[in-house]
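Containing CSV, C-alpha atoms and all ligand atoms: input23.csv.
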chain,number,residue,atom,x,y,z
A,1,MET,CA,252.8,-37.9,248.7
A,2,GLU,CA,252.4,-40.6,246.1
A,3,VAL,CA,252.1,-40.2,242.3
A,4,ASP,CA,250.4,-42.8,240.3
A,5,PRO,CA,250.4,-42.8,236.5
A,6,VAL,CA,247.0,-43.1,234.9
A,7,SER,CA,245.8,-43.5,231.3
A,8,LEU,CA,242.2,-43.2,230.3
A,9,PRO,CA,241.0,-44.2,226.8
A,10,LEU,CA,239.0,-41.5,225.0
A,11,ALA,CA,235.6,-42.4,223.5
A,12,SER,CA,236.8,-40.7,220.2
A,13,PRO,CA,240.1,-39.2,219.3
A,14,LEU,CA,240.7,-35.6,220.5
A,15,SER,CA,242.6,-33.1,218.3
A,16,THR,CA,245.2,-31.1,220.2
A,17,ALA,CA,247.9,-28.5,219.4
A,18,THR,CA,250.4,-31.3,218.7
A,19,GLY,CA,248.2,-33.8,216.9
A,20,THR,CA,245.4,-36.3,217.7
A,21,ILE,CA,245.4,-38.2,220.9
A,22,GLU,CA,243.5,-41.4,221.8
A,23,ARG,CA,244.1,-41.4,225.6
A,24,ARG,CA,244.3,-38.9,228.4
A,25,GLU,CA,247.4,-39.6,230.3
A,26,GLY,CA,248.5,-38.1,233.6
A,27,PHE,CA,248.9,-38.7,237.3
A,28,LEU,CA,246.8,-39.1,240.4
A,29,VAL,CA,248.5,-37.3,243.4
A,30,ARG,CA,247.7,-38.9,246.8
A,31,LEU,CA,248.4,-37.6,250.2
A,32,GLU,CA,248.9,-40.2,252.9
A,33,ASP,CA,248.0,-40.2,256.6
A,34,SER,CA,245.3,-37.6,256.4
A,35,PRO,CA,244.0,-38.4,252.8
A,36,GLY,CA,243.7,-36.0,249.9
A,37,ILE,CA,243.6,-36.7,246.2
A,38,GLY,CA,244.4,-34.6,243.1
A,39,GLU,CA,244.7,-35.1,239.4
A,40,ALA,CA,247.4,-33.8,237.1
A,41,MET,CA,246.3,-34.4,233.5
A,42,PRO,CA,248.4,-32.5,231.1
A,43,LEU,CA,247.0,-31.5,227.7
A,44,PRO,CA,249.3,-30.5,224.8
A,45,GLY,CA,248.9,-26.8,223.9
A,46,TRP,CA,247.4,-26.0,227.3
A,47,THR,CA,249.9,-27.3,229.9
A,48,GLU,CA,253.3,-28.8,230.2
A,49,SER,CA,254.0,-32.1,228.5
A,50,LEU,CA,253.3,-35.5,230.1
A,51,GLU,CA,257.1,-36.0,230.5
A,52,GLY,CA,257.5,-32.5,232.0
A,53,CYS,CA,254.6,-33.1,234.4
A,54,ARG,CA,256.2,-36.5,235.5
A,55,GLU,CA,259.6,-34.9,236.2
A,56,VAL,CA,258.2,-32.0,238.2
A,57,LEU,CA,256.0,-34.3,240.3
A,58,GLU,CA,259.0,-36.6,241.0
A,59,THR,CA,261.0,-33.5,242.2
A,60,THR,CA,258.0,-32.3,244.2
A,61,LYS,CA,257.8,-35.6,246.1
A,62,SER,CA,261.2,-34.9,247.7
A,63,VAL,CA,260.4,-31.2,248.3
A,64,VAL,CA,257.3,-32.4,250.2
A,65,ARG,CA,259.4,-34.8,252.3
A,66,LYS,CA,261.9,-32.1,253.2
A,67,ARG,CA,259.9,-28.9,253.4
A,68,GLY,CA,256.2,-29.8,253.5
A,69,LEU,CA,253.2,-29.5,251.2
A,70,ASP,CA,252.7,-25.7,251.2
A,71,ALA,CA,256.4,-25.0,250.4
A,72,ALA,CA,256.3,-27.6,247.6
A,73,LEU,CA,253.2,-26.0,246.1
A,74,ASP,CA,254.9,-22.6,246.3
A,75,GLU,CA,257.7,-23.9,244.1
A,76,LEU,CA,255.3,-25.0,241.3
A,77,ASP,CA,255.0,-22.2,238.7
A,78,PRO,CA,251.3,-22.1,237.5
A,79,SER,CA,252.4,-20.9,234.0
A,80,GLU,CA,255.2,-23.4,233.6
A,81,THR,CA,253.7,-26.5,235.1
A,82,PRO,CA,250.0,-25.9,235.6
A,83,ALA,CA,248.9,-29.6,235.5
A,84,ALA,CA,251.4,-30.7,238.1
A,85,ARG,CA,250.5,-27.7,240.2
A,86,HIS,CA,246.8,-28.5,239.8
A,87,GLY,CA,247.5,-32.1,241.0
A,88,LEU,CA,249.1,-31.0,244.2
A,89,ASP,CA,246.9,-28.0,244.9
A,90,LEU,CA,243.8,-30.2,244.5
A,91,ALA,CA,245.2,-32.9,246.8
A,92,ILE,CA,245.8,-30.2,249.5
A,93,ALA,CA,242.4,-28.6,249.0
A,94,ASP,CA,240.7,-32.1,249.1
A,95,ARG,CA,242.5,-32.8,252.4
A,96,HIS,CA,241.5,-29.5,253.9
A,97,ALA,CA,237.9,-30.1,253.0
A,98,ARG,CA,237.9,-33.6,254.4
A,99,GLU,CA,239.5,-32.5,257.6
A,100,ALA,CA,236.9,-29.7,258.0
A,101,GLY,CA,234.1,-32.2,257.4
A,102,GLN,CA,233.0,-30.4,254.3
A,103,SER,CA,232.6,-30.9,250.6
A,104,LEU,CA,235.2,-29.2,248.5
A,105,ALA,CA,232.7,-26.6,247.3
A,106,ALA,CA,231.7,-25.8,250.9
A,107,SER,CA,235.3,-25.5,252.0
A,108,LEU,CA,235.9,-22.9,249.2
A,109,ASP,CA,232.7,-20.8,249.9
A,110,PRO,CA,230.2,-20.9,252.7
A,111,SER,CA,227.2,-21.0,250.4
A,112,PRO,CA,227.9,-22.9,247.2
A,113,SER,CA,225.3,-23.8,244.6
A,114,GLN,CA,223.9,-27.3,244.9
A,115,SER,CA,224.0,-27.8,241.1
A,116,VAL,CA,225.6,-26.1,238.1
A,117,PRO,CA,224.1,-25.8,234.6
A,118,VAL,CA,226.3,-27.3,231.9
A,119,ASN,CA,226.4,-27.0,228.1
A,120,ALA,CA,226.5,-29.6,225.4
A,121,THR,CA,229.3,-29.2,222.9
A,122,VAL,CA,228.6,-29.9,219.2
A,123,GLY,CA,231.6,-30.2,216.9
A,124,ASP,CA,232.1,-29.3,213.3
A,125,ALA,CA,229.6,-30.9,210.9
A,126,SER,CA,227.2,-30.0,208.1
A,127,PRO,CA,224.2,-27.8,208.9
A,128,GLU,CA,221.9,-30.8,209.0
A,129,GLU,CA,224.2,-32.9,211.2
A,130,THR,CA,224.9,-30.0,213.5
A,131,ALA,CA,221.2,-29.3,213.9
A,132,GLU,CA,220.5,-33.0,214.6
A,133,ARG,CA,223.2,-33.1,217.3
A,134,ALA,CA,222.0,-29.9,218.9
A,135,SER,CA,218.4,-31.2,218.9
A,136,ALA,CA,219.6,-34.5,220.6
A,137,ALA,CA,221.3,-32.4,223.3
A,138,ILE,CA,218.1,-30.3,223.9
A,139,ASP,CA,216.0,-33.5,224.0
A,140,ALA,CA,218.5,-34.9,226.6
A,141,GLY,CA,217.7,-31.8,228.8
A,142,PHE,CA,220.5,-29.4,228.0
A,143,GLU,CA,219.5,-25.8,227.9
A,144,THR,CA,222.7,-24.5,226.3
A,145,VAL,CA,224.6,-25.8,223.3
A,146,LYS,CA,228.1,-24.7,222.3
A,147,LEU,CA,228.9,-25.0,218.6
A,148,LYS,CA,232.4,-25.3,217.3
A,149,VAL,CA,232.9,-22.9,214.4
A,150,GLY,CA,235.9,-21.6,212.3
A,151,ALA,CA,236.6,-24.8,210.3
A,152,ARG,CA,234.3,-23.6,207.4
A,153,SER,CA,233.5,-20.3,205.7
A,154,ILE,CA,231.7,-17.7,207.7
A,155,GLY,CA,228.6,-18.2,205.4
A,156,GLU,CA,228.6,-21.9,206.1
A,157,ASP,CA,229.0,-21.4,209.9
A,158,VAL,CA,226.2,-19.0,210.0
A,159,SER,CA,224.0,-21.5,208.1
A,160,ARG,CA,224.9,-24.1,210.7
A,161,VAL,CA,223.8,-21.9,213.5
A,162,ARG,CA,220.6,-21.0,211.6
A,163,ALA,CA,219.9,-24.7,211.2
A,164,VAL,CA,220.4,-25.2,214.9
A,165,ARG,CA,218.2,-22.3,215.9
A,166,ASP,CA,215.4,-23.5,213.5
A,167,ALA,CA,215.6,-27.0,215.0
A,168,ILE,CA,215.7,-26.1,218.7
A,169,GLY,CA,213.5,-23.0,218.8
A,170,PRO,CA,214.1,-19.7,220.5
A,171,GLN,CA,214.5,-20.8,224.1
A,172,PRO,CA,217.8,-22.6,224.5
A,173,GLU,CA,221.1,-20.7,224.7
A,174,VAL,CA,223.4,-21.0,221.7
A,175,ARG,CA,227.0,-20.0,221.9
A,176,VAL,CA,229.9,-20.6,219.5
A,177,ASP,CA,233.6,-21.2,219.9
A,178,ALA,CA,235.9,-20.1,217.0
A,179,ASN,CA,239.2,-21.2,218.7
A,180,ALA,CA,241.0,-18.1,217.3
A,181,ALA,CA,240.2,-19.0,213.7
A,182,TRP,CA,238.9,-15.6,212.5
A,183,THR,CA,240.3,-12.3,211.3
A,184,VAL,CA,238.6,-9.1,212.5
A,185,ALA,CA,236.8,-8.8,209.2
A,186,ASP,CA,235.6,-12.5,209.5
A,187,ALA,CA,234.4,-11.8,213.0
A,188,ARG,CA,232.5,-8.7,212.0
A,189,ARG,CA,230.8,-10.7,209.2
A,190,ALA,CA,230.1,-13.5,211.6
A,191,ILE,CA,228.6,-11.2,214.2
A,192,ASP,CA,226.3,-9.6,211.6
A,193,GLY,CA,225.0,-13.2,210.8
A,194,LEU,CA,224.8,-14.4,214.3
A,195,VAL,CA,223.1,-11.5,216.2
A,196,PRO,CA,219.7,-12.2,214.5
A,197,LEU,CA,220.1,-15.9,215.6
A,198,ASP,CA,220.3,-14.8,219.2
A,199,VAL,CA,223.8,-16.2,219.9
A,200,SER,CA,224.8,-15.4,223.4
A,201,TYR,CA,228.5,-15.3,223.1
A,202,ILE,CA,231.4,-15.9,220.7
A,203,GLU,CA,234.4,-17.6,222.3
A,204,GLN,CA,237.8,-16.6,221.2
A,205,PRO,CA,237.0,-15.3,217.7
A,206,LEU,CA,240.5,-13.8,217.1
A,207,ALA,CA,244.1,-14.7,217.9
A,208,ALA,CA,244.9,-15.0,221.6
A,209,ASP,CA,247.1,-11.9,221.7
A,210,ASP,CA,244.7,-9.6,219.7
A,211,LEU,CA,243.2,-8.0,222.7
A,212,ASP,CA,242.4,-4.6,221.0
A,213,GLY,CA,240.7,-6.6,218.2
A,214,HIS,CA,238.5,-8.4,220.7
A,215,ALA,CA,237.8,-5.1,222.6
A,216,ALA,CA,236.5,-3.6,219.3
A,217,LEU,CA,234.1,-6.6,218.7
A,218,ARG,CA,232.3,-6.0,222.0
A,219,ASP,CA,228.9,-4.3,222.3
A,220,ARG,CA,227.8,-5.4,218.8
A,221,GLY,CA,224.9,-7.6,220.0
A,222,VAL,CA,226.8,-10.7,221.1
A,223,GLU,CA,229.2,-11.1,224.0
A,224,ILE,CA,232.9,-11.9,223.6
A,225,ALA,CA,234.4,-14.7,225.7
A,226,LEU,CA,238.1,-15.3,225.9
A,227,ASP,CA,239.7,-18.7,226.5
A,228,GLU,CA,243.1,-19.1,224.8
A,229,SER,CA,243.9,-15.4,225.6
A,230,LEU,CA,243.9,-16.2,229.3
A,231,ARG,CA,246.6,-18.9,228.7
A,232,ASP,CA,248.7,-16.7,226.4
A,233,VAL,CA,248.5,-13.2,227.8
A,234,GLY,CA,247.0,-13.5,231.2
A,235,LEU,CA,244.1,-11.9,233.1
A,236,ASP,CA,245.6,-8.5,233.8
A,237,ALA,CA,246.2,-7.8,230.1
A,238,ILE,CA,242.6,-8.9,229.3
A,239,LEU,CA,241.2,-6.6,232.0
A,240,ASP,CA,243.5,-3.7,231.0
A,241,ALA,CA,242.3,-4.0,227.4
A,242,GLY,CA,238.6,-4.4,228.3
A,243,ALA,CA,238.8,-7.3,225.8
A,244,ALA,CA,235.9,-9.5,227.0
A,245,ASP,CA,232.6,-10.0,228.6
A,246,VAL,CA,233.1,-13.6,229.7
A,247,LEU,CA,236.3,-15.4,230.9
A,248,VAL,CA,236.7,-19.2,230.3
A,249,LEU,CA,238.6,-20.8,233.1
A,250,LYS,CA,240.2,-24.2,232.8
A,251,PRO,CA,241.6,-25.2,236.2
A,252,MET,CA,244.1,-27.7,234.8
A,253,ALA,CA,245.6,-24.9,232.5
A,254,VAL,CA,245.8,-22.2,235.2
A,255,GLY,CA,247.5,-24.3,237.9
A,256,GLY,CA,244.7,-25.5,240.1
A,257,ILE,CA,241.1,-24.8,241.3
A,258,ARG,CA,242.2,-22.4,244.1
A,259,ARG,CA,244.1,-20.3,241.6
A,260,ALA,CA,241.2,-20.5,239.1
A,261,ARG,CA,238.9,-19.3,241.9
A,262,THR,CA,241.2,-16.3,242.7
A,263,LEU,CA,241.2,-15.4,238.9
A,264,ALA,CA,237.4,-15.7,238.8
A,265,LEU,CA,236.9,-13.4,241.7
A,266,GLU,CA,239.4,-10.9,240.3
A,267,ALA,CA,237.6,-11.0,236.9
A,268,ARG,CA,234.2,-10.5,238.5
A,269,GLN,CA,235.4,-7.4,240.3
A,270,GLN,CA,236.0,-5.9,236.9
A,271,HIS,CA,232.6,-7.1,235.5
A,272,LEU,CA,234.2,-10.0,233.5
A,273,ASP,CA,231.9,-13.0,234.0
A,274,PRO,CA,233.7,-16.4,234.6
A,275,VAL,CA,232.6,-19.8,233.3
A,276,VAL,CA,234.5,-23.0,234.2
A,277,THR,CA,235.4,-25.8,231.7
A,278,THR,CA,237.4,-29.0,231.9
A,279,THR,CA,240.3,-30.0,229.7
A,280,VAL,CA,238.6,-33.4,229.3
A,281,ASP,CA,240.0,-34.5,232.7
A,282,GLY,CA,239.3,-37.7,234.6
A,283,VAL,CA,236.6,-37.9,237.2
A,284,VAL,CA,238.8,-36.3,239.9
A,285,GLY,CA,239.6,-33.2,237.9
A,286,ARG,CA,236.2,-32.9,236.4
A,287,THR,CA,234.4,-33.2,239.7
A,288,ALA,CA,236.8,-30.7,241.3
A,289,ALA,CA,236.0,-28.2,238.5
A,290,LEU,CA,232.3,-28.7,239.4
A,291,HIS,CA,233.0,-27.9,243.0
A,292,LEU,CA,234.8,-24.8,241.9
A,293,ALA,CA,231.9,-23.6,239.7
A,294,ALA,CA,229.5,-24.3,242.6
A,295,SER,CA,231.7,-22.3,245.0
A,296,LEU,CA,231.5,-19.3,242.5
A,297,ARG,CA,227.7,-19.8,242.2
A,298,ILE,CA,228.1,-19.5,238.4
A,299,GLU,CA,224.7,-19.3,236.6
A,300,ARG,CA,226.0,-19.5,233.1
A,301,ALA,CA,226.3,-23.0,231.7
A,302,CYS,CA,229.8,-24.4,232.3
A,303,GLY,CA,231.8,-26.7,230.1
A,304,LEU,CA,231.8,-29.6,232.6
A,305,ALA,CA,229.8,-32.2,230.7
A,306,THR,CA,232.8,-34.0,229.4
A,307,ALA,CA,232.5,-37.4,231.1
A,308,ASP,CA,231.2,-38.9,227.8
A,309,ARG,CA,234.5,-37.9,226.1
A,310,LEU,CA,236.1,-40.7,228.1
A,311,ALA,CA,235.6,-44.5,227.4
A,312,ASP,CA,236.7,-45.3,230.9
A,313,ASP,CA,237.4,-43.5,234.2
A,314,PHE,CA,239.1,-44.0,237.5
A,315,ALA,CA,235.9,-44.3,239.5
A,316,PRO,CA,232.2,-44.0,239.1
A,317,ASP,CA,230.9,-40.5,238.2
A,318,PRO,CA,229.4,-38.9,241.4
A,319,ALA,CA,227.9,-36.1,239.3
A,320,PRO,CA,226.3,-37.4,236.1
A,321,VAL,CA,224.6,-34.8,233.9
A,322,SER,CA,220.8,-34.8,234.4
A,323,GLU,CA,218.5,-32.3,232.7
A,324,GLY,CA,221.4,-30.1,231.7
A,325,ARG,CA,222.8,-29.8,235.2
A,326,MET,CA,225.4,-31.5,237.4
A,327,VAL,CA,224.6,-31.9,241.1
A,328,VAL,CA,227.5,-31.2,243.4
A,329,PRO,CA,228.4,-34.2,245.6
A,330,ASP,CA,227.9,-33.5,249.3
A,331,ALA,CA,230.4,-36.2,250.4
A,332,LEU,CA,233.6,-35.1,252.1
A,333,GLY,CA,236.1,-33.3,249.8
A,334,ILE,CA,235.8,-33.9,246.1
A,335,GLY,CA,233.6,-36.9,246.8
A,336,VAL,CA,235.6,-39.3,244.5
A,337,ASP,CA,237.8,-42.0,245.9
A,338,PRO,CA,239.5,-43.9,243.1
A,339,SER,CA,240.9,-47.0,244.7
A,340,LEU,CA,242.1,-48.7,241.5
A,341,ARG,CA,245.5,-48.2,239.9
A,342,ARG,CA,245.9,-48.2,236.2
B,1,MG,MG,237.3,-22.6,224.0

Using structure tokens, write down the structure that the file contains.
Amino acid sequence: MEVDPVSLPLASPLSTATGTIERREGFLVRLEDSPGIGEAMPLPGWTESLEGCREVLETTKSVVRKRGLDAALDELDPSETPAARHGLDLAIADRHAREAGQSLAASLDPSPSQSVPVNATVGDASPEETAERASAAIDAGFETVKLKVGARSIGEDVSRVRAVRDAIGPQPEVRVDANAAWTVADARRAIDGLVPLDVSYIEQPLAADDLDGHAALRDRGVEIALDESLRDVGLDAILDAGAADVLVLKPMAVGGIRRARTLALEARQQHLDPVVTTTVDGVVGRTAALHLAASLRIERACGLATADRLADDFAPDPAPVSEGRMVVPDALGIGVDPSLRR
């Protein structure tokens, strides 16, 4: 196992839990002999730190030498070092798929989707600017737009969504993500304003640990999706509380695509519908997340259209967005082979 540091410039700065970042920094994990590749791309607030990830991967190298890949994977705690675990798990899964002569999606499920619908994400801006950006996304072929809300008053956010609905018409799906910005009273007011605008779901309206609050917001005409809650309280607590209709899965934050797949299948058994999103990963992590979504045959738009958040990448994108969908590469494994070192 080899670990190569990588650093990708962002197209525009990204705000995180610990401040604004201008680059995505992490590691490519490579398996020799029979090849396999994985990506460990930590993101502050969602995973271990870059330094923590580096240390763990260094230790993991010697565990692999002494005890093998599967034992090394077992030692990586998905809640303590999810990005490092994602890197090794993906390298192993990529190797398995290549050895089986299959794409990663096909090695995870015998009948994966050939393409996955994806959403455009529109950040905070005035109603006019928000509507313009949403229209541009629809013109580019997206059928779902996700609007960031919670930075303004409820009244202003509802006006932004109304401006979008007026601009794009009744057909496209509109969803919003509040990133835990609201109180229960805020969320109720927001729901009253958003239901007539045919918003499909509100992602993380309340604090991550407020599961009873989220449960009480369900069945009011708009679905409730949870994202940060999965990170902070875990799937069992979400299921026990009946807190959501939709579960947002970030493979890098849960410790790998195979763990994300297990969580997705568990969620589905309890009628909680999964979607997959990236954490603005490089092409290896992003394409692996696409294979995962295809293996789950997800029909809701996923948050995988994040290539344009990067100004540069390890390798050409094998799955560019076209007409609001990403086609799953049918090459062996992930279908990405970054040869360059950065
Ligand atoms: Mg979110």

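Nearest to ligand MG 1 (chain B) of all the residues A:Arg268, A:Arg258, A:Lys146, A:Arg218 is A:Lys146, counting only C-alpha atoms and all ligand atoms.
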
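Among the candidates A:Arg24, A:Lys148, A:Arg30, A:Arg85, the one nearest to ligand MG 1 (chain B) when counting all atoms listed in the file is A:Lys148.
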
Report task. Might you pull out every residue within 8 Å of Ile334 (chain A), with all atoms listed in the file counted and same-chain residues fewer than 2 positions away left off, and present them as a ChimeraX atom specification? Result -> /A:94,103-104,284,287-288,291,329,331-332,336

Report task. With a distance cut-off of 12 Å and only C-alpha atoms, select the neighbouring residues of Leu263 (chain A), excluding the residue or stretch itself and same-chain residues fewer than 3 positions from it, and output the selection as a PyMOL selection string. Result -> chain A and resi 230+234-236+238-239+247-251+254-260+266-270+272-276+292+296

Could the residues in this selection be written to a file with C-alpha atoms, as a CSV table (one decimal), keeping the file's coordinate frame?
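Contents of out.csv, freshly written:
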chain,number,residue,atom,x,y,z
A,230,LEU,CA,243.9,-16.2,229.3
A,234,GLY,CA,247.0,-13.5,231.2
A,235,LEU,CA,244.1,-11.9,233.1
A,236,ASP,CA,245.6,-8.5,233.8
A,238,ILE,CA,242.6,-8.9,229.3
A,239,LEU,CA,241.2,-6.6,232.0
A,247,LEU,CA,236.3,-15.4,230.9
A,248,VAL,CA,236.7,-19.2,230.3
A,249,LEU,CA,238.6,-20.8,233.1
A,250,LYS,CA,240.2,-24.2,232.8
A,251,PRO,CA,241.6,-25.2,236.2
A,254,VAL,CA,245.8,-22.2,235.2
A,255,GLY,CA,247.5,-24.3,237.9
A,256,GLY,CA,244.7,-25.5,240.1
A,257,ILE,CA,241.1,-24.8,241.3
A,258,ARG,CA,242.2,-22.4,244.1
A,259,ARG,CA,244.1,-20.3,241.6
A,260,ALA,CA,241.2,-20.5,239.1
A,266,GLU,CA,239.4,-10.9,240.3
A,267,ALA,CA,237.6,-11.0,236.9
A,268,ARG,CA,234.2,-10.5,238.5
A,269,GLN,CA,235.4,-7.4,240.3
A,270,GLN,CA,236.0,-5.9,236.9
A,272,LEU,CA,234.2,-10.0,233.5
A,273,ASP,CA,231.9,-13.0,234.0
A,274,PRO,CA,233.7,-16.4,234.6
A,275,VAL,CA,232.6,-19.8,233.3
A,276,VAL,CA,234.5,-23.0,234.2
A,292,LEU,CA,234.8,-24.8,241.9
A,296,LEU,CA,231.5,-19.3,242.5

Might you pull out every residue within 7 Å of region 184-189 of chain A, with all atoms listed in the file counted and same-chain residues fewer than 3 positions away left off, and present them as a PDB file with C-alpha atoms, in the frame of the given file?
ATOM      1  CA  ILE A 154     231.700 -17.700 207.700  1.00  0.00           C
ATOM      2  CA  ASP A 192     226.300  -9.600 211.600  1.00  0.00           C
ATOM      3  CA  GLY A 193     225.000 -13.200 210.800  1.00  0.00           C
ATOM      4  CA  PRO A 205     237.000 -15.300 217.700  1.00  0.00           C
ATOM      5  CA  LEU A 206     240.500 -13.800 217.100  1.00  0.00           C
ATOM      6  CA  GLY A 213     240.700  -6.600 218.200  1.00  0.00           C
TER       7      GLY A 213
END

Put region 79-93 of chain A into a file with N, CA, C and O atoms, as a compact mmCIF listing (two decimals), in the first residue's frame.
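Writing the result to part.txt gives the following:
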# COMPACT_ATOMS: atom_id res chain seq x y z
N SER A 79 -16.08 6.07 12.69
CA SER A 79 -16.48 7.36 13.25
C SER A 79 -15.28 8.21 13.66
O SER A 79 -15.38 9.43 13.69
N GLU A 80 -14.15 7.57 13.94
CA GLU A 80 -12.95 8.35 14.33
C GLU A 80 -12.16 8.84 13.12
O GLU A 80 -11.70 9.98 13.10
N THR A 81 -11.96 7.96 12.15
CA THR A 81 -11.13 8.33 10.98
C THR A 81 -11.83 7.89 9.69
O THR A 81 -11.33 7.03 8.95
N PRO A 82 -13.00 8.50 9.43
CA PRO A 82 -13.77 8.06 8.26
C PRO A 82 -13.05 8.26 6.92
O PRO A 82 -13.20 7.43 6.02
N ALA A 83 -12.29 9.35 6.78
CA ALA A 83 -11.66 9.60 5.48
C ALA A 83 -10.55 8.58 5.20
O ALA A 83 -10.45 8.04 4.09
N ALA A 84 -9.73 8.30 6.22
CA ALA A 84 -8.68 7.28 6.04
C ALA A 84 -9.32 5.93 5.72
O ALA A 84 -8.86 5.20 4.83
N ARG A 85 -10.40 5.61 6.45
CA ARG A 85 -11.07 4.34 6.20
C ARG A 85 -11.66 4.30 4.79
O ARG A 85 -11.58 3.28 4.10
N HIS A 86 -12.23 5.43 4.36
CA HIS A 86 -12.77 5.51 3.00
C HIS A 86 -11.67 5.21 1.98
O HIS A 86 -11.89 4.47 1.01
N GLY A 87 -10.48 5.76 2.21
CA GLY A 87 -9.38 5.56 1.26
C GLY A 87 -9.01 4.10 1.10
O GLY A 87 -8.90 3.58 -0.02
N LEU A 88 -8.83 3.43 2.23
CA LEU A 88 -8.43 2.02 2.16
C LEU A 88 -9.58 1.13 1.67
O LEU A 88 -9.39 0.25 0.82
N ASP A 89 -10.78 1.39 2.20
CA ASP A 89 -11.95 0.60 1.79
C ASP A 89 -12.16 0.68 0.27
O ASP A 89 -12.43 -0.33 -0.39
N LEU A 90 -12.00 1.89 -0.27
CA LEU A 90 -12.23 2.08 -1.70
C LEU A 90 -11.14 1.37 -2.52
O LEU A 90 -11.44 0.76 -3.56
N ALA A 91 -9.89 1.45 -2.04
CA ALA A 91 -8.81 0.77 -2.77
C ALA A 91 -9.07 -0.74 -2.83
O ALA A 91 -8.86 -1.39 -3.87
N ILE A 92 -9.55 -1.30 -1.71
CA ILE A 92 -9.86 -2.74 -1.68
C ILE A 92 -11.05 -3.06 -2.60
O ILE A 92 -11.01 -4.03 -3.38
N ALA A 93 -12.08 -2.21 -2.54
CA ALA A 93 -13.27 -2.46 -3.37
C ALA A 93 -12.94 -2.31 -4.85
O ALA A 93 -13.43 -3.07 -5.70
